[in-house]
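Dumped my_file21.txt below, it's compact mmCIF, C-alpha atoms:
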```
# COMPACT_ATOMS: atom_id res chain seq x y z
CA LEU A 7 -13.47 39.97 6.92
CA LEU A 8 -10.71 41.17 4.63
CA THR A 9 -8.97 37.80 4.82
CA GLY A 10 -12.21 35.97 4.05
CA SER A 11 -12.96 38.26 1.12
CA LEU A 12 -9.50 37.75 -0.37
CA LEU A 13 -9.75 33.97 0.02
CA ALA A 14 -13.20 33.96 -1.60
CA GLN A 15 -11.94 35.93 -4.61
CA ALA A 16 -8.90 33.66 -4.90
CA LEU A 17 -11.15 30.62 -4.85
CA MET A 18 -13.33 32.05 -7.60
CA ASN A 19 -10.44 32.89 -9.91
CA VAL A 20 -7.89 30.15 -9.27
CA ALA A 21 -9.05 27.73 -11.98
CA PRO A 22 -7.37 29.41 -14.99
CA LEU A 23 -4.15 30.00 -13.03
CA ALA A 24 -4.06 26.41 -11.80
CA THR A 25 -4.71 25.14 -15.31
CA LYS A 26 -1.86 27.22 -16.71
CA ALA A 27 0.50 25.96 -14.01
CA LEU A 28 -0.45 22.30 -14.41
CA PHE A 29 -0.24 22.18 -18.19
CA SER A 30 3.28 23.66 -18.08
CA GLY A 31 3.34 24.53 -21.75
CA GLY A 32 1.70 21.32 -22.95
CA ASP A 33 -1.35 23.26 -24.05
CA PRO A 34 -0.73 27.01 -23.78
CA ALA A 35 -4.35 27.78 -24.73
CA ALA A 36 -5.83 25.61 -21.99
CA ALA A 37 -6.00 28.44 -19.42
CA GLY A 38 -7.77 30.67 -21.93
CA ARG A 39 -10.29 27.95 -22.71
CA VAL A 40 -11.00 27.51 -19.01
CA LEU A 41 -11.36 31.26 -18.57
CA ASN A 42 -13.84 31.42 -21.46
CA GLY A 43 -15.78 28.58 -19.92
CA LEU A 44 -15.85 30.31 -16.54
CA ILE A 45 -17.09 33.56 -18.05
CA VAL A 46 -20.10 31.80 -19.54
CA ALA A 47 -20.62 29.54 -16.52
CA ARG A 48 -20.73 32.55 -14.18
CA ILE A 49 -23.54 34.36 -15.97
CA PRO A 50 -26.21 32.95 -13.58
CA LEU A 51 -24.00 33.97 -10.64
CA PHE A 52 -24.19 37.62 -11.69
CA PHE A 53 -27.99 37.52 -11.82
CA PHE A 54 -28.12 35.74 -8.47
CA GLN A 55 -25.89 38.37 -6.88
CA ALA A 56 -28.35 41.05 -8.00
CA ILE A 57 -31.20 39.16 -6.32
CA GLN A 58 -29.04 38.40 -3.31
CA ALA A 59 -28.23 42.08 -2.84
CA SER A 60 -31.92 42.81 -2.26
CA LEU A 61 -32.40 39.90 0.16
CA MET A 62 -29.30 40.21 2.32
CA PRO A 63 -30.27 43.49 4.07
CA LYS A 64 -33.46 41.77 5.22
CA LEU A 65 -31.39 38.88 6.51
CA SER A 66 -29.21 41.27 8.51
CA ALA A 67 -32.25 43.09 9.88
CA ASP A 68 -33.84 39.84 11.04
CA ALA A 69 -30.60 38.79 12.73
CA ALA A 70 -30.17 42.18 14.46
CA ALA A 71 -33.77 42.13 15.70
CA GLY A 72 -33.54 38.55 16.94
CA ARG A 73 -36.20 37.31 14.48
CA LEU A 74 -34.50 33.94 14.09
CA ASP A 75 -37.49 32.16 12.56
CA ASP A 76 -37.71 34.79 9.82
CA PHE A 77 -33.92 34.59 9.43
CA ARG A 78 -34.03 30.82 8.93
CA LEU A 79 -36.96 31.04 6.50
CA LEU A 80 -35.32 33.67 4.32
CA LEU A 81 -31.98 31.87 4.32
CA ARG A 82 -33.72 28.63 3.37
CA ARG A 83 -35.39 30.40 0.44
CA ILE A 84 -32.08 31.86 -0.72
CA LEU A 85 -30.40 28.46 -0.59
CA LEU A 86 -33.29 26.80 -2.40
CA LEU A 87 -33.04 29.46 -5.11
CA ALA A 88 -29.31 28.81 -5.34
CA ALA A 89 -29.93 25.06 -5.62
CA ALA A 90 -32.43 25.59 -8.44
CA VAL A 91 -30.00 27.84 -10.31
CA ILE A 92 -27.23 25.26 -9.87
CA VAL A 93 -29.35 22.48 -11.36
CA VAL A 94 -30.49 24.58 -14.34
CA SER A 95 -27.02 26.00 -14.96
CA VAL A 96 -25.22 22.64 -14.84
CA ALA A 97 -27.78 21.10 -17.19
CA GLY A 98 -27.67 24.11 -19.49
CA MET A 99 -23.88 24.13 -19.73
CA ALA A 100 -23.82 20.39 -20.35
CA VAL A 101 -26.23 20.78 -23.26
CA LEU A 102 -25.58 24.26 -24.69
CA GLY A 103 -22.14 25.19 -23.34
CA PRO A 104 -19.92 24.22 -26.31
CA PRO A 105 -22.13 25.90 -28.96
CA ILE A 106 -22.34 29.07 -26.86
CA LEU A 107 -18.55 29.21 -26.52
CA GLN A 108 -18.15 28.71 -30.26
CA ILE A 109 -20.55 31.58 -30.97
CA VAL A 110 -19.34 34.03 -28.31
CA PHE A 111 -15.58 33.41 -28.44
CA HIS A 112 -15.28 31.86 -31.94
CA SER A 113 -13.53 28.98 -30.26
CA SER A 114 -12.63 26.05 -32.47
CA ARG A 115 -11.75 23.91 -29.41
CA PRO A 116 -14.25 24.73 -26.67
CA LEU A 117 -14.25 22.77 -23.45
CA GLY A 118 -16.25 19.57 -23.38
CA ARG A 119 -19.74 19.33 -21.96
CA GLY A 120 -18.55 17.57 -18.82
CA ASP A 121 -15.86 20.19 -18.23
CA LEU A 122 -18.35 23.02 -18.58
CA ALA A 123 -20.85 21.28 -16.32
CA LEU A 124 -18.20 21.00 -13.57
CA LEU A 125 -17.21 24.65 -13.97
CA ALA A 126 -20.88 25.61 -13.68
CA LEU A 127 -21.28 23.43 -10.59
CA GLY A 128 -18.36 25.14 -8.87
CA SER A 129 -19.27 28.64 -10.04
CA GLU A 130 -22.92 28.43 -9.08
CA GLY A 131 -21.99 26.59 -5.90
CA MET A 132 -20.35 29.87 -4.91
CA MET A 133 -23.89 31.27 -4.64
CA ALA A 134 -24.60 29.04 -1.67
CA ALA A 135 -21.15 29.77 -0.23
CA PHE A 136 -21.66 33.54 -0.44
CA ALA A 137 -25.15 33.24 1.07
CA LEU A 138 -23.85 31.17 3.99
CA ALA A 139 -20.92 33.54 4.52
CA TYR A 140 -23.24 36.54 4.61
CA ALA A 141 -25.55 34.74 7.02
CA CYS A 142 -22.59 34.03 9.33
CA ILE A 143 -21.57 37.68 9.15
CA ALA A 144 -25.14 38.80 9.91
CA LEU A 145 -24.93 36.76 13.11
CA ARG A 146 -21.47 38.22 13.85
CA GLY A 147 -19.78 34.98 12.98
CA TYR A 148 -16.92 36.71 11.23
CA ARG A 149 -14.41 34.00 12.08
CA SER A 150 -16.86 31.33 10.91
CA ALA A 151 -17.13 32.91 7.47
CA THR A 152 -13.36 33.27 7.21
CA ALA A 153 -12.85 29.70 8.43
CA GLY A 154 -15.15 28.49 5.67
CA TRP A 155 -13.20 30.26 2.93
CA ALA A 156 -9.89 29.16 4.49
CA SER A 157 -11.05 25.54 4.64
CA GLY A 158 -12.11 25.69 1.02
CA SER A 159 -8.73 27.09 0.02
CA VAL A 160 -6.89 24.35 1.90
CA ALA A 161 -9.13 21.71 0.31
CA LEU A 162 -8.38 23.18 -3.11
CA VAL A 163 -4.63 22.92 -2.63
CA LEU A 164 -4.85 19.38 -1.25
CA ALA A 165 -7.12 18.25 -4.10
CA LEU A 166 -4.77 19.73 -6.69
CA VAL A 167 -1.91 17.79 -5.13
CA VAL A 168 -3.72 14.48 -4.62
CA LEU A 169 -6.00 14.13 -7.66
CA PRO A 170 -4.57 12.85 -10.97
CA GLY A 171 -4.92 14.44 -14.36
CA THR A 172 -4.76 18.07 -15.39
CA LEU A 173 -7.91 19.87 -16.50
CA LEU A 174 -10.26 17.47 -14.73
CA ARG A 175 -8.14 17.82 -11.60
CA VAL A 176 -8.65 21.60 -11.62
CA GLU A 177 -12.39 21.31 -12.16
CA LEU A 178 -12.90 18.70 -9.44
CA SER A 179 -10.66 20.60 -7.04
CA PHE A 180 -12.72 23.74 -7.61
CA CYS A 181 -15.98 21.89 -6.87
CA ILE A 182 -14.49 20.16 -3.82
CA ALA A 183 -13.22 23.47 -2.44
CA VAL A 184 -16.63 25.12 -2.79
CA ALA A 185 -18.34 22.12 -1.17
CA VAL A 186 -15.92 22.19 1.78
CA ALA A 187 -16.41 25.93 2.25
CA CYS A 188 -20.19 25.51 2.24
CA THR A 189 -20.03 22.60 4.67
CA VAL A 190 -17.81 24.39 7.19
CA MET A 191 -19.90 27.57 7.09
CA GLY A 192 -23.13 25.58 7.21
CA PHE A 193 -22.15 23.74 10.39
CA ALA A 194 -20.83 26.95 11.96
CA LEU A 195 -24.03 28.79 11.07
CA ALA A 196 -26.20 26.02 12.51
CA ALA A 197 -24.24 26.17 15.76
CA ARG A 198 -24.63 29.94 15.99
CA LEU A 199 -28.35 29.70 15.33
CA ARG A 200 -28.76 27.11 18.08
CA LYS A 201 -26.77 29.28 20.46
CA ALA A 202 -28.76 32.37 19.54
CA GLY A 203 -32.02 30.46 19.97
CA VAL A 204 -31.05 29.26 23.44
CA ALA A 205 -29.98 32.76 24.43
CA SER A 206 -33.29 34.25 23.30
CA VAL A 207 -35.29 31.66 25.25
CA THR A 208 -33.32 32.08 28.48
CA SER A 209 -33.24 35.88 28.36
CA PRO A 210 -35.83 37.84 30.39
CA ALA A 211 -37.44 39.16 27.22
CA GLY A 212 -37.61 35.65 25.80
```
Mind turning this structure into C-alpha cells?
Amino acid sequence: LLTGSLLAQALMNVAPLATKALFSGGDPAAAGRVLNGLIVARIPLFFFQAIQASLMPKLSADAAAGRLDDFRLLLRRILLLAAAVIVVSVAGMAVLGPPILQIVFHSSRPLGRGDLALLALGSEGMMAAFALAYACIALRGYRSATAGWASGSVALVLALVVLPGTLLRVELSFCIAVAVACTVMGFALAARLRKAGVASVTSPAG
C-alpha cells in the first residue's frame, strides 16, 4: 500500500519535473507554466475527492458484507461521475484555461488550449484511477492496486523515452500513464469481482 501510494503521488506530480528535465535550460519557465496549468486543471479533482471520501466507506462496507451487486452499482456511479467531470473539465480548460491562467497567475505566456486540455485529461483521469485503486483495496486486492500504479509509472517512463517533442511528450506521457494504470486496475478488479461472485455462489450461505 505504501509503495502504491508513493507511485500514485509520483505520477501526479511528475509533469513539471519531467518538463524541467526535458527542456534542459531551453525554456527555464516551462516547468512553472506546466505547474500553473496543473494547479488549475486539478481543481475538479479536489472537489471529486471530497465527494469520493463520502462514497468510499460505503464501497468498503459493501465489499466486507459481500454485497457485490451494491458494490458494482456504486462503483459504476463513481466512475460515471468521474467520466462526466473529465469531459466538462477538458472542455472547460480548452475554452477558458488560458484566460484563467492569465488572471490567476498574471501569466503573459500561459499554456495553449490543447496543452491545458491534455493536463486536465490526465489530472481528472486520476479520479478514475483512485476510484479503481480504492475498489481493489476494498476487495483486498492490495497487489492489484500497486500493480496498476507501477504499470502506469513504467508506461510514463517508456512514453517519455519513445515519444518525440518536449512539452507535448510530457502531456501525452502523463495521459498514457493514467490510462495504463486504470486499465490494469480495471482488469484486476473485474477478475476479483468474478472470483468473489463465484465464491459467494458456491459457499453454503450462497
Would you mind telling me which residue in A:Ala139, A:Leu23, A:Gly43, A:Leu86 lies nearest to A:Phe111 when using only C-alpha atoms?
A:Gly43
Distance query 12 Å from (-19.1, 28.0, -28.9) using all atoms listed in the file, result as JSON, numbers by chain
{"A": [39, 42, 43, 46, 99, 101, 102, 103, 104, 105, 106, 107, 108, 109, 110, 111, 112, 113, 114, 115, 116, 117, 118, 119, 122]}
One number please: atom CA of A:Ala126 to atom CA of A:Ser95, in Å, one decimal.
6.3 Å
Closest of A:Val168, A:Ile49, A:Cys142, A:Leu174 to A:Gly120 - atom-to-atom distances counting all atoms listed in the file:
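Of A:Val168, A:Ile49, A:Cys142, A:Leu174, the one nearest A:Gly120 is A:Leu174, counting all atoms listed in the file.
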Please determine, counting all atoms listed in the file, which residue among A:Ala56, A:Ala156, A:Ala144, A:Val91 has the shortest atom-to-atom distance to A:Leu74.
A:Ala144
Nearest to A:Val186: which of A:Leu169, A:Leu85, A:Leu13, A:Leu162 is it, counting only C-alpha atoms?
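Answer, going by the shortest atom-to-atom distance: A:Leu162.
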Write out as a ChimeraX atom specification each polymer residue whose atoms come within 12 Å of A:Ala24, counting only C-alpha atoms; drop sequence neighbours fewer than 3 positions from it.
/A:16-21,27-30,36-38,40-41,162-163,165-167,172-180
Using all atoms listed in the file, the best pick from A:Ala123, A:Gln15, A:Leu44, A:Arg78 as closest to A:Ala135 would be A:Gln15
So what do you get for atom CA of A:Pro22 versus atom CA of A:Arg48, distance-wise?
13.7 Å
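With distances restricted to only C-alpha atoms, A:Phe136 is the closest residue to A:Met62 from A:Trp155, A:Phe193, A:Tyr148, A:Phe136.
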So the first atom is atom CA of A:Ile182 and the second is atom CA of A:Ala161; what is the distance between them in Å, to one decimal place?
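Separation between atom CA of A:Ile182 and atom CA of A:Ala161: 6.9 Å.
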So that I can see what lies close to A:Ser150, please list as a ChimeraX atom specification the residues with an atom at most 9 Å from it, counting all atoms listed in the file and leaving out residues fewer than 6 positions away in the same chain.
/A:139,142-143,190-191,194-195
